[in-house]
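Single-structure report; data block below.
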Amino acid sequence: METLSPFRLAPYFRTRPWGFQDLAPWYNYKTEGEPIGEVWLTGEMCTADTGPLKGMSLTDITRQHRSTLLGPRLAGKDFPLLVKLLFPKEKLSVQVHPDDALAQHYGEPRGKTECWYALEAKPGARVALGLRPGATLDQVSVAVKDHSLESLLKMVPVEKGDMIFVDAGTVHAMGPGVVVLETQQTSDRANCTSKSRSRRCIW
């Protein structure tokens, strides 16, 4: 049976319009160009930084050693979990993700359930998690069109050390003032394109 020597992945820094140009004290990383909003720890572009697989991308490692790395029963060619740090300087867009069944109905391998661990939270930091009780589909539709959806979101205060579970199908968004470790089902390929930068923040 094949064995893999332990290896460490180098972080991959993702530009986001809502990020920071200086990630201190978390990383010794500064940029004068586009701000950095995410640091991927297990992303498809991450490469092995140590060991005999050094220089290989996680995607290639998973494809070549999937059974050894993930076990023989796990299907798919990509690493199933994306772990990343988020550094929001501004409010992020309101989102809702499909579950596995809906995603697979449209030909995708899986949906997107995620969880957030607050590594840092400034006073007053909060996230949106679900809709306010009583909010109707018609109200949400109107609020999306007139950019008033924030009034229908359930806002949750966040403190350092909080763990927040965001099940697939949950309307959610993140505000500034937090540094979050996010663990999610891998489904971010669409977000790698420049099109994601044009999404309008509606809260």
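Every chain in the structure tokens has a letter given in the order shown (A, B, ...), and although residue numbers restart at 1 in each chain, ligands are simply numbered from 1 in the order shown.
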
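When the distance limit is 8 Å and only C-alpha atoms are what count, the residues near Gly19 of chain A, minus those fewer than 2 positions from it on the same chain, are Thr15, Arg16, Pro17, Gln21, Pro35, Ile36, Gly37, Glu38, Phe87, Pro88, Lys89 and Glu90 of chain A.
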
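Among the residues of segment 1-139 of chain A, backbone DSSP assigns alpha helix (DSSP H) to Leu58, Thr59, Asp60, Ile61, Thr62, Arg63, Gln64, His65, Arg66, Ser67, Thr68, Leu69, Leu70, Asp100, Ala101, Leu102, Ala103, Gln104, His105, Leu137, Asp138 and Gln139 of chain A.
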
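Distance annotation: of A:Ala10, A:Ala168, A:Val94, A:Leu23, the residue with the minimal separation from Val144 of chain A is A:Val94; atom set is only C-alpha atoms.
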
Those of segment 43-198 of chain A in DSSP strand (DSSP E or B), formatted as a PyMOL selection string: chain A and resi 47-48+57+81-86+95+114-121+126-131+153-157+163-166+172-174+178-185

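Picture a line from atom CA of Val166 of chain A to atom CA of Lys122 of chain A; it runs 20.8 Å.
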
Selection near Ala121 of chain A, 9 Å with only C-alpha atoms, sequence-local residues under 3 positions removed, as a ChimeraX atom specification: /A:118,124-126,158-161,176-180

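Compared by their closest atoms to Ser151 of chain A, and using only C-alpha atoms, the residues A:Leu181, A:Ala128, A:Gly169, A:Met163 rank with A:Ala128 nearest.
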
For atom CA of Thr31 of chain A and atom CA of Leu81 of chain A, the interatomic separation in Å (one decimal): 27.6 Å

Of the listed residues A:Val140, A:Val83, A:Val127, A:Met45, that which approaches Pro157 of chain A most closely, counting only C-alpha atoms: A:Val127
